[in-house]
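Each remark here refers to the structure printed beneath this line.
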Amino acid sequence: MSSPAVTPESPHREERARRRLALIGGSLGNLVEWYDWFVYASFAIYFADSFFPGDNPTTQLLNTAGIFAVGFLMRPVGGWILGRAADRHGRKSALTLTVTMMSVAALMIAVAPTYGQAGYAGALVLLLARLLQGLSIGGEYAASATYLTEASARDRRGLGSSFQYVSMTCGQLLGLGILITMQHTLTAAQLSSWGWRIPFVLGALFAVVVFWLRRRLQETDAFTEESSEEGAHDASARGSLKALWQHRRQAGLVMALTLGGTVAYYTYTTYLTKYLVGSAGLPKTTATLVSFTALALFAVLQPFAGMLSDRIGRRPLLITFAVGCTLGTYPIMTALGSADSYGSALGLSLLALVIVTGYTSINAAVKAELFPTRVRALGVALPYAIANALFGGTAEYVALWFKSGGHEKMFFWYVSGCALVSLVTYVLMPDTRDAALSRAEAAGAGTPAGGSASAKAGAGAAR
């Protein structure tokens, strides 16, 4: 009896199928994580007065933005704890833990009492939930960035890692889509009274589904290789701060290259709706629709930019972003402040997000390609989370602070200055496209054509 024929293409088909499943599994989980994170900012205009009394909407938003920023302060802690867990116990286990924490935090916000019911106790619950979300998302970024990069073929890492921001943006779109639906089915009074709780309940339920999905993910080859008997001689050092200190230059690079990108991203995403309402004077429904449409097209752009980086390298995209953001922020934001229609606001928002794509589409791959496997998740997580806590999480608060002081346009220069710092970093840093992420890659497996010199330079990252 003859055995089934195995064609030479079969292993390749199986490998491609495995990579696709890893991409889908990692991306869907990331989508729900970021939905829970961003839905807070999307619905803040409706629940701000539920937790903070007063007659000044800007002051109420400042309070909710402050709690939003506090969540970022926990991201370095989450990046350290969960990044270490991902390097020591696997990317899969860290991804499962982060989504569990996010589910609990979403449920806490959903049931938080208002100021009228329990005074500032409700704001305290809101604060604790955001702290837990900060822990979760601090580890989520590192685990998903590392997982998606390691699970991708060497010559398609830019494409694979771009799905981190695809799923991240789709999570925000899901939140905005729910907001738009509720705006057309509920009155403003109903949204402010109880409707804003619905998306947080949904977020908790989504996270339960993702928990089940992530338990079925396969571990990456790079981590499996590192944790095998041949690579386990330094197991105690995996994911440690001591090991990260040996790569402090790379950690510094992560912070510097993140600075401009995170400020620009949060300016044109989470803050955009508030800016269009508070400064341009557009109706809330119009501003929300602008954000939704712009982000949908932004998500579509990510894979194309990722594929481009796989062909020409990471630095050209990063430099294009930084130059565009440094020179373009002031005129774009000024024009957005005068936008008087859906079309004009959408066009300007898209222009800004096209520029930001040079960073968002490949930043996960660039950071992962800087570190060896034994400290990759922590190396991505901790410096990135610190930069986000200092600059990304505070971007909206800084913008509102300048606005409340009557100097709103100073914020535009602030964004440009952050992008300029990153521009200097991009010009001076090496391109990471062909870095080896495992010893198998360092030995030559899957080396892209024309990339041998870079591959040799990046072979150290696999050790």
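Residue names in the structure tokens use chain letters A, B, ... in the order shown, residue numbers from 1 in each chain, and ligand numbers from 1 in the order shown.
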
**Request:** Give me the residues within 9 Å of Asn363 in chain A as a VMD selection string, counting only C-alpha atoms and dropping any in the same chain fewer than 4 places off.
**Result:** chain A and resid 145 158 161 to 162 257 to 258 261 314 318 358 to 359 367 to 368

Write the residues you've just listed into a file as a PDB file, in the first residue's frame, and include N, CA and C atoms for each of them.
```pdb
ATOM      1  N   ALA A 145       4.360  42.772  19.489  1.00  0.00           N
ATOM      2  CA  ALA A 145       5.381  43.222  18.543  1.00  0.00           C
ATOM      3  C   ALA A 145       6.423  42.139  18.326  1.00  0.00           C
ATOM      4  N   GLY A 158       8.629  43.279   7.890  1.00  0.00           N
ATOM      5  CA  GLY A 158       7.981  44.584   7.845  1.00  0.00           C
ATOM      6  C   GLY A 158       6.490  44.446   7.631  1.00  0.00           C
ATOM      7  N   SER A 161       4.905  42.646  10.888  1.00  0.00           N
ATOM      8  CA  SER A 161       4.815  43.506  12.064  1.00  0.00           C
ATOM      9  C   SER A 161       3.872  44.682  11.843  1.00  0.00           C
ATOM     10  N   SER A 162       3.610  45.036  10.578  1.00  0.00           N
ATOM     11  CA  SER A 162       2.689  46.148  10.305  1.00  0.00           C
ATOM     12  C   SER A 162       1.281  45.841  10.806  1.00  0.00           C
ATOM     13  N   LEU A 257      13.643  56.786  19.079  1.00  0.00           N
ATOM     14  CA  LEU A 257      12.876  56.625  17.841  1.00  0.00           C
ATOM     15  C   LEU A 257      11.375  56.565  18.103  1.00  0.00           C
ATOM     16  N   THR A 258      11.004  56.259  19.363  1.00  0.00           N
ATOM     17  CA  THR A 258       9.586  56.235  19.746  1.00  0.00           C
ATOM     18  C   THR A 258       9.049  57.637  20.009  1.00  0.00           C
ATOM     19  N   GLY A 261       7.220  59.502  17.137  1.00  0.00           N
ATOM     20  CA  GLY A 261       6.132  58.694  16.598  1.00  0.00           C
ATOM     21  C   GLY A 261       4.948  58.593  17.533  1.00  0.00           C
ATOM     22  N   ARG A 314      14.151  50.040   6.497  1.00  0.00           N
ATOM     23  CA  ARG A 314      13.303  50.736   7.465  1.00  0.00           C
ATOM     24  C   ARG A 314      13.607  52.242   7.534  1.00  0.00           C
ATOM     25  N   LEU A 318      11.189  55.826   8.104  1.00  0.00           N
ATOM     26  CA  LEU A 318      11.278  56.556   9.359  1.00  0.00           C
ATOM     27  C   LEU A 318      11.691  58.014   9.127  1.00  0.00           C
ATOM     28  N   GLY A 358       4.755  56.272   8.140  1.00  0.00           N
ATOM     29  CA  GLY A 358       6.179  55.955   8.025  1.00  0.00           C
ATOM     30  C   GLY A 358       6.760  55.425   9.319  1.00  0.00           C
ATOM     31  N   TYR A 359       6.163  55.786  10.435  1.00  0.00           N
ATOM     32  CA  TYR A 359       6.588  55.266  11.742  1.00  0.00           C
ATOM     33  C   TYR A 359       5.782  54.048  12.169  1.00  0.00           C
ATOM     34  N   LYS A 367      12.176  47.797  16.402  1.00  0.00           N
ATOM     35  CA  LYS A 367      12.538  47.605  17.805  1.00  0.00           C
ATOM     36  C   LYS A 367      12.908  46.149  18.085  1.00  0.00           C
ATOM     37  N   ALA A 368      12.128  45.216  17.543  1.00  0.00           N
ATOM     38  CA  ALA A 368      12.416  43.798  17.767  1.00  0.00           C
ATOM     39  C   ALA A 368      13.735  43.400  17.123  1.00  0.00           C
TER      40      ALA A 368
END
```

Considering only C-alpha atoms, give me a table of residues in range 256-283 of chain A that are at most 12 Å from range 401-405 of chain A, with the closest atom pair and distance in Å for each, as a Markdown table.
```
| residue | atom | partner | partner_atom | distance |
| --- | --- | --- | --- | --- |
| A:Lys274 | CA | A:Lys403 | CA | 11.6 |
| A:Tyr275 | CA | A:Lys403 | CA | 9.9 |
| A:Gly278 | CA | A:Lys403 | CA | 9.5 |
| A:Ser279 | CA | A:Lys403 | CA | 8.9 |
```

Proximity of range 345-416 of chain A to range 118-134 of chain A: per-residue shortest pair, 12 Å limit, only C-alpha atoms, as a Markdown table:
```
| residue | atom | partner | partner_atom | distance |
| --- | --- | --- | --- | --- |
| A:Ala385 | CA | A:Gly134 | CA | 9.5 |
| A:Ile386 | CA | A:Gly134 | CA | 11.7 |
| A:Asn388 | CA | A:Gly134 | CA | 10.8 |
| A:Ala389 | CA | A:Gly134 | CA | 9.5 |
| A:Gly393 | CA | A:Gly134 | CA | 10.3 |
```

Once you have the residues from the selection above, write them out as a short mmCIF file (atom, residue, chain, number, x, y, z; two decimals), in the first residue's frame, restricted to N, CA, C and O atoms.
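See out_22.cif below for the written result:
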```cif
data_model
loop_
_atom_site.label_atom_id
_atom_site.label_comp_id
_atom_site.auth_asym_id
_atom_site.auth_seq_id
_atom_site.Cartn_x
_atom_site.Cartn_y
_atom_site.Cartn_z
N ALA A 385 7.77 51.70 26.61
CA ALA A 385 6.75 52.09 27.58
C ALA A 385 7.14 53.37 28.32
O ALA A 385 6.30 54.22 28.61
N ILE A 386 8.42 53.52 28.61
CA ILE A 386 8.89 54.75 29.27
C ILE A 386 8.66 55.95 28.36
O ILE A 386 8.15 57.00 28.80
N ASN A 388 6.48 56.20 25.99
CA ASN A 388 5.04 56.42 25.89
C ASN A 388 4.48 57.09 27.13
O ASN A 388 3.61 57.96 27.04
N ALA A 389 4.98 56.67 28.30
CA ALA A 389 4.49 57.28 29.54
C ALA A 389 4.84 58.76 29.60
O ALA A 389 4.03 59.58 30.03
N GLY A 393 1.39 59.23 26.31
CA GLY A 393 0.25 59.31 27.22
C GLY A 393 -0.07 60.72 27.66
O GLY A 393 -1.21 61.01 28.03
#
```

**Fill in**
In terms of only C-alpha atoms, the residue from A:Leu289, A:Leu336, A:Ala280, A:Leu73 at minimal distance from Thr181 in chain A is A:Leu289

**Request:** Find the spatial neighbours of Gly347 in chain A, counting only C-alpha atoms, within a cut-off of 12 Å - ignore same-chain residues fewer than 2 positions away - and output them as a ChimeraX atom specification.
**Result:** /A:290-291,293-295,297,332,335-336,339-345,349-354

**Request:** Give me the residues within 10 Å of Val300 in chain A as a VMD selection string, counting only C-alpha atoms and dropping any in the same chain fewer than 3 places off.
**Result:** chain A and resid 163 166 169 to 170 295 to 297 303 to 305

**Residue neighbourhood His247 in chain A, 10 Å, only C-alpha atoms, exclusion window fewer than 4 positions, as a ChimeraX atom specification** = /A:241-243,251-252,370-372,375,379

**Asked** In range 291-449 of chain A, what's alpha helix (DSSP H) per DSSP? Answer as a PyMOL selection string?
**Response** chain A and resi 291-312+315-337+342-360+363-368+376-387+395-404+410-428+439-442

**Prompt:** Can you tell me, as a count of residues only, what residues are no more than 7 Å from Arg156 in chain A when counting only C-alpha atoms, ignoring any on the same chain fewer than 4 positions away?
**Reply:** 4

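Interatomic distance, CA of Ala189 in chain A to CA of Trp37 in chain A: 24.1 Å.
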
**Item:** Interatomic distance, CA of Ile198 in chain A to CA of Ile178 in chain A (Å, one decimal)
**Value:**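 Straight-line distance from CA of Ile198 in chain A to CA of Ile178 in chain A works out to 9.1 Å.
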
**Request:** Please identify all polymer residues within 10 Å of Gly417 in chain A, counting only C-alpha atoms, omitting same-chain residues fewer than 6 positions from it, and present them as a PyMOL selection string.
**Result:** chain A and resi 259-260+325-327+329+411+423

Produce a file of the selected residues containing N, CA, C and O atoms, as a PDB file, in the first residue's frame.
```pdb
ATOM      1  N   LEU A 259       9.878  58.521  20.517  1.00  0.00           N
ATOM      2  CA  LEU A 259       9.453  59.836  20.976  1.00  0.00           C
ATOM      3  C   LEU A 259       8.552  60.565  19.974  1.00  0.00           C
ATOM      4  O   LEU A 259       7.398  60.904  20.272  1.00  0.00           O
ATOM      5  N   GLY A 260       9.051  60.823  18.793  1.00  0.00           N
ATOM      6  CA  GLY A 260       8.269  61.567  17.805  1.00  0.00           C
ATOM      7  C   GLY A 260       7.061  60.800  17.317  1.00  0.00           C
ATOM      8  O   GLY A 260       5.984  61.373  17.120  1.00  0.00           O
ATOM      9  N   CYS A 325       6.620  65.209   9.738  1.00  0.00           N
ATOM     10  CA  CYS A 325       6.003  65.624  11.004  1.00  0.00           C
ATOM     11  C   CYS A 325       6.652  66.895  11.541  1.00  0.00           C
ATOM     12  O   CYS A 325       5.964  67.781  12.064  1.00  0.00           O
ATOM     13  N   THR A 326       7.965  67.005  11.404  1.00  0.00           N
ATOM     14  CA  THR A 326       8.660  68.193  11.886  1.00  0.00           C
ATOM     15  C   THR A 326       8.198  69.443  11.142  1.00  0.00           C
ATOM     16  O   THR A 326       7.946  70.492  11.750  1.00  0.00           O
ATOM     17  N   LEU A 327       8.075  69.331   9.823  1.00  0.00           N
ATOM     18  CA  LEU A 327       7.724  70.495   9.008  1.00  0.00           C
ATOM     19  C   LEU A 327       6.222  70.677   8.815  1.00  0.00           C
ATOM     20  O   LEU A 327       5.765  71.798   8.558  1.00  0.00           O
ATOM     21  N   THR A 329       3.489  69.575  10.956  1.00  0.00           N
ATOM     22  CA  THR A 329       2.528  69.595  12.056  1.00  0.00           C
ATOM     23  C   THR A 329       1.849  70.955  12.218  1.00  0.00           C
ATOM     24  O   THR A 329       0.614  71.034  12.330  1.00  0.00           O
ATOM     25  N   PHE A 411       1.371  73.808  21.315  1.00  0.00           N
ATOM     26  CA  PHE A 411       1.378  72.343  21.258  1.00  0.00           C
ATOM     27  C   PHE A 411       1.855  71.856  19.901  1.00  0.00           C
ATOM     28  O   PHE A 411       2.523  70.827  19.810  1.00  0.00           O
ATOM     29  N   LEU A 423      14.040  62.383  14.308  1.00  0.00           N
ATOM     30  CA  LEU A 423      14.681  62.494  12.993  1.00  0.00           C
ATOM     31  C   LEU A 423      16.193  62.338  13.109  1.00  0.00           C
ATOM     32  O   LEU A 423      16.818  61.610  12.311  1.00  0.00           O
TER      33      LEU A 423
END
```

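Proximity ranking of A:Leu176, A:Leu95, A:Val77, A:Ala365 relative to Arg215 in chain A places A:Leu95 first, based on only C-alpha atoms.
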
**Prompt:** So how far away is CA of Tyr46 in chain A from CA of Ser192 in chain A, in Å?
**Reply:** 4.7 Å

**Asked** Which is closest to Ala41 in chain A among A:Leu217, A:Val356, A:Ile137, A:Leu272, if we use only C-alpha atoms?
**Response**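 When distances to Ala41 in chain A are compared using only C-alpha atoms, the smallest one comes from A:Leu272.
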
**Message:** Here is a test: counting only C-alpha atoms, which residue of A:Pro113, A:Gly328, A:Gly306, A:Gly337 is nearest to Leu282 in chain A?
**Reply:**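 Checking each of A:Pro113, A:Gly328, A:Gly306, A:Gly337 against Leu282 in chain A, counting only C-alpha atoms, the winner is A:Gly337.
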